[in-house]
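Inspection log for the structure reproduced underneath, given as structure tokens.
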Amino acid sequence: MTVARFWRKIPQRYNLIGTKCENCGTVFFPPRSLCPDCRRDGKIVDHHCSGRGKVVTYTVIRTASDQFSNLTPYVLAIIELEDGCRLTSQVICDPSEITFGMPVRSVFRVIAEDGPSGIIHYGTKFVPS
Amino acid sequence: MRDVAVIGIGCSKFGERWDTSFRELFVEAGTLAIEDAGIDGESIDALYVGNMSAGRFVEQEHIGALIADYAGLTRAGHTPATRVEAACASGGLAFRQAVLAVASGMEDIVVAAGVEKMTDAGDSTDVLAAAADREWEGFAGATFPGLYAMIATDYMHRYSLTREQLAMVAVKNHYHGSMNPISQFQNEITIDTVLRSTLVADPLRLFDCSPVSDGSAAVVVAPLEMARDFTDAPVTVIGTAQASDTIALHDRRDISTLDASVAAGNRVFERARVDRKDVDLVEVHDCFTIAEICAVEDLGFVKKGEAGMLYEEGQTYIGGDLPVNTSGGLKACGHPVGATGLKQVWEVVTQLRGEAGKRQVDGAEIGMTQNVGGSGATVVCHLFRRV
């Protein structure tokens with residue numbers, strides 16, 4: 001990944017800054033710059049998501065792409081935040097611990113590295129809360 | 001709009017084709033298809049090529065021109081060639097573009113082809129992850145099996161599908177594949193084979209997953225009114241439909257339902273004016289076993305949550321009520337991504353012509369294809385009828 005591609009998403013990746021449509025009240029994380037329901041009638045503003053949520057579904061990744069292969073096995077989940085939006089993230093826990101509806105909270109972690117001399121991607125993972 | 005018929009089909013052997021290059025693979029299927037149609041290169045008005053990721057797999061873009069060049073179509077006719085991409089639905093989409101071009105009256109004889117050379121890539125898991133949302137799924141460590149595994153986790157939590165029933169999808173597809181000469185895997189397997197294979201992404205194991213494959217498939221279409229000039233056994237395209245959904249699985253209305261599959265299925269049946277019960281066989285996109293379970297439900301063959309029994313009763317085998325993936329599906333026949341949608345058409349047309357040999361569905365008149373891109377962001381469906 002180029003530095004710019006990572007850098008421009010730092011607020012979103014580090015602090016869960018999503019967006020909200022002020023017309024219908026829907027929160028978007030991952031952020032959207034166009035509300036799919038209100039489209040051009042919507043008014044999109046930044047929204048700081050709470051970082052608390054629950055597990056909607058999950059898996060344990062045993063075979064990963066090269067960039068994540070040093071982490072296997074790791075828990076991957078779809079998490080619904082208190083704000084109503086859903087995202088895909090890793091949950092830091094033992095694979096046997098993960099369950100439906102498990103309450104989780106966000107933490108700041110290293111996500112991956114672009115090789116020994118490339119940039120280190122930081123971002124959000126979740127832990128049981 | 002004109003009625004469109006398939007007048008020629010060709011499919012390469014699927015598998016790990018170490019001795020064959022990307023362009024050679026295409027020529028193999030293309031030659032078979034135009035020989036089957038009994039046409040020459042000059043009569044081809046246009047070419048659509050389905051390909052997901054030659055740029056990543058073999059570091060080659062500008063696929064349309066490359067294929068036209070090596071198919072010998074750049075001398076006399078300078079035949080227009082267009083690459084079509086929708087991840088794993090690229091082939092189905094290329095076919096749909098060919099059908100639309102002929103139906104509109106713009107072109108008469110059009111070739112739709114699909115090709116993928118996957119074994120030349122180092123990290124194919126990462127290339128395939130590009131079919132999902134790179135920014136918000138891939139960067140978090142999601143793999144393709146991982147996304148379908150999350151569908152399977154959700155599905156098995158909410159509905160009565162046992163691990164054994166899920167394995168039956170792969171067992172059935174290997175059985176069908178063992179009767180298909182172009183199939184990557186020719187071996188039969190048991191439920192035990194699946195359950196003892198290594199975990200890839202819980203609950204999916206290696207034998208729940210389609211393989212990395214090289215292969216190509218090509219289909220020639222023409223107006224129905226001209227079809228008899230080329231073949232005694234034309235097959236009509238009675239319906240074509242396509243639908244989109246969110247690129248990321250986490251944004252779907254329902255994790256276990258591919259809404260784009262529901263939409264494309266409803267549209268194609270409406271347009272073709274046939275009922276689900278009239279379908280004699282269906283080729284669906286079983287990139288993972290759970291995907292086939294979702295497909296037969298989302299297309300409306302059974303209610304949500306009831307597919308497990310269909311497999312328990314063996315109804316999806318050749319000879320059952322609803323033969324599914326008589327080619328062996330993506331699981332056994334192989335999944336050269338861009339070629340898969342065209343291989344599905346190849347199989348259905350082979351069956352409707354009565355040329356499927358040992359795996360023939362007796363008296364097949366109506367067949368269907370369902371080709372999925374990503375975790376369900378693109379779905380393309382077609383219905384075919386023997387003339």
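By convention in this document, the chains of the structure tokens carry letters A, B, ... by their order, each chain's residues are numbered from 1, and ligands are numbered from 1 in the order they are shown.
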Restrict the distance test to only C-alpha atoms, flag each residue of chain B within 6 Å of chain A, and return the flagged residues as number ranges by chain. B: 125-126, 137, 140, 149-150, 154, 200-202, 250
Neighbours of region 104-107 of chain A within 7 Å (only C-alpha atoms; same-chain residues fewer than 3 positions away dropped), as a VMD selection string? chain A and resid 51 to 54 124 to 129
Restrict the selected residues to N, CA and C atoms and save them as a JSON list (two decimals), in the first residue's frame.
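Everything below was put into out_28.json:
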[["chain", "number", "residue", "atom", "x", "y", "z"],
["A", 51, "GLY", "N", -17.38, 2.51, 19.47],
["A", 51, "GLY", "CA", -16.36, 1.50, 19.75],
["A", 51, "GLY", "C", -16.88, 0.35, 20.58],
["A", 52, "ARG", "N", -18.14, 0.40, 20.94],
["A", 52, "ARG", "CA", -18.74, -0.73, 21.65],
["A", 52, "ARG", "C", -19.77, -1.39, 20.76],
["A", 53, "GLY", "N", -19.81, -2.71, 20.83],
["A", 53, "GLY", "CA", -20.76, -3.41, 19.98],
["A", 53, "GLY", "C", -20.85, -4.87, 20.33],
["A", 54, "LYS", "N", -21.44, -5.64, 19.41],
["A", 54, "LYS", "CA", -21.56, -7.07, 19.66],
["A", 54, "LYS", "C", -21.27, -7.86, 18.38],
["A", 124, "THR", "N", -8.00, -0.60, 14.08],
["A", 124, "THR", "CA", -8.88, -1.03, 15.16],
["A", 124, "THR", "C", -9.07, -2.54, 15.15],
["A", 125, "LYS", "N", -8.91, -3.14, 16.32],
["A", 125, "LYS", "CA", -9.39, -4.51, 16.53],
["A", 125, "LYS", "C", -10.34, -4.46, 17.72],
["A", 126, "PHE", "N", -10.91, -5.59, 18.06],
["A", 126, "PHE", "CA", -11.86, -5.60, 19.18],
["A", 126, "PHE", "C", -11.44, -6.64, 20.21],
["A", 127, "VAL", "N", -11.82, -6.41, 21.45],
["A", 127, "VAL", "CA", -11.59, -7.39, 22.52],
["A", 127, "VAL", "C", -12.92, -7.62, 23.24],
["A", 128, "PRO", "N", -13.07, -8.78, 23.88],
["A", 128, "PRO", "CA", -14.30, -9.01, 24.66],
["A", 128, "PRO", "C", -14.41, -7.94, 25.75],
["A", 129, "SER", "N", -15.63, -7.45, 26.01],
["A", 129, "SER", "CA", -15.76, -6.41, 27.03],
["A", 129, "SER", "C", -16.70, -6.89, 28.14]]
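Using only C-alpha atoms, the residues found no farther than 7 Å from Ser213 (chain B), other than those of its own chain fewer than 3 positions away, are Phe14, Gly15, Glu16, Met118, Thr119, Gly334, His335 and Pro336 of chain B.
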Go ahead and write the selection's residues with N, CA and C atoms as a PDB file, in the first residue's frame.
ATOM      1  N   PHE B  14     -10.129 -28.241 -17.183  1.00  0.00           N
ATOM      2  CA  PHE B  14      -9.845 -27.420 -16.008  1.00  0.00           C
ATOM      3  C   PHE B  14      -8.813 -28.130 -15.126  1.00  0.00           C
ATOM      4  N   GLY B  15      -7.973 -27.347 -14.481  1.00  0.00           N
ATOM      5  CA  GLY B  15      -7.022 -27.967 -13.563  1.00  0.00           C
ATOM      6  C   GLY B  15      -5.773 -27.132 -13.405  1.00  0.00           C
ATOM      7  N   GLU B  16      -4.728 -27.759 -12.898  1.00  0.00           N
ATOM      8  CA  GLU B  16      -3.446 -27.073 -12.777  1.00  0.00           C
ATOM      9  C   GLU B  16      -2.703 -27.290 -14.090  1.00  0.00           C
ATOM     10  N   MET B 118      -4.699 -19.103 -12.932  1.00  0.00           N
ATOM     11  CA  MET B 118      -4.496 -18.764 -11.512  1.00  0.00           C
ATOM     12  C   MET B 118      -3.198 -19.306 -10.930  1.00  0.00           C
ATOM     13  N   THR B 119      -2.675 -20.390 -11.534  1.00  0.00           N
ATOM     14  CA  THR B 119      -1.534 -21.064 -10.888  1.00  0.00           C
ATOM     15  C   THR B 119      -0.208 -20.349 -11.086  1.00  0.00           C
ATOM     16  N   GLY B 334     -13.701 -27.387 -10.872  1.00  0.00           N
ATOM     17  CA  GLY B 334     -12.660 -26.364 -10.796  1.00  0.00           C
ATOM     18  C   GLY B 334     -13.253 -24.974 -10.952  1.00  0.00           C
ATOM     19  N   HIS B 335     -12.474 -23.979 -10.542  1.00  0.00           N
ATOM     20  CA  HIS B 335     -12.991 -22.604 -10.554  1.00  0.00           C
ATOM     21  C   HIS B 335     -11.942 -21.623 -11.084  1.00  0.00           C
ATOM     22  N   PRO B 336     -11.637 -21.732 -12.396  1.00  0.00           N
ATOM     23  CA  PRO B 336     -10.824 -20.668 -13.004  1.00  0.00           C
ATOM     24  C   PRO B 336     -11.746 -19.446 -13.125  1.00  0.00           C
TER      25      PRO B 336
END
Provide the CA of Ile238 (chain B) to CA of Ala87 (chain B) distance in Å, to one decimal place.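 Pair CA of Ile238 (chain B) / CA of Ala87 (chain B) returns 24.7 Å.
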Among region 13-144 of chain B, which ones does DSSP place in strand (DSSP E), written as a ChimeraX atom specification? /B:46-50,81-84,110-117
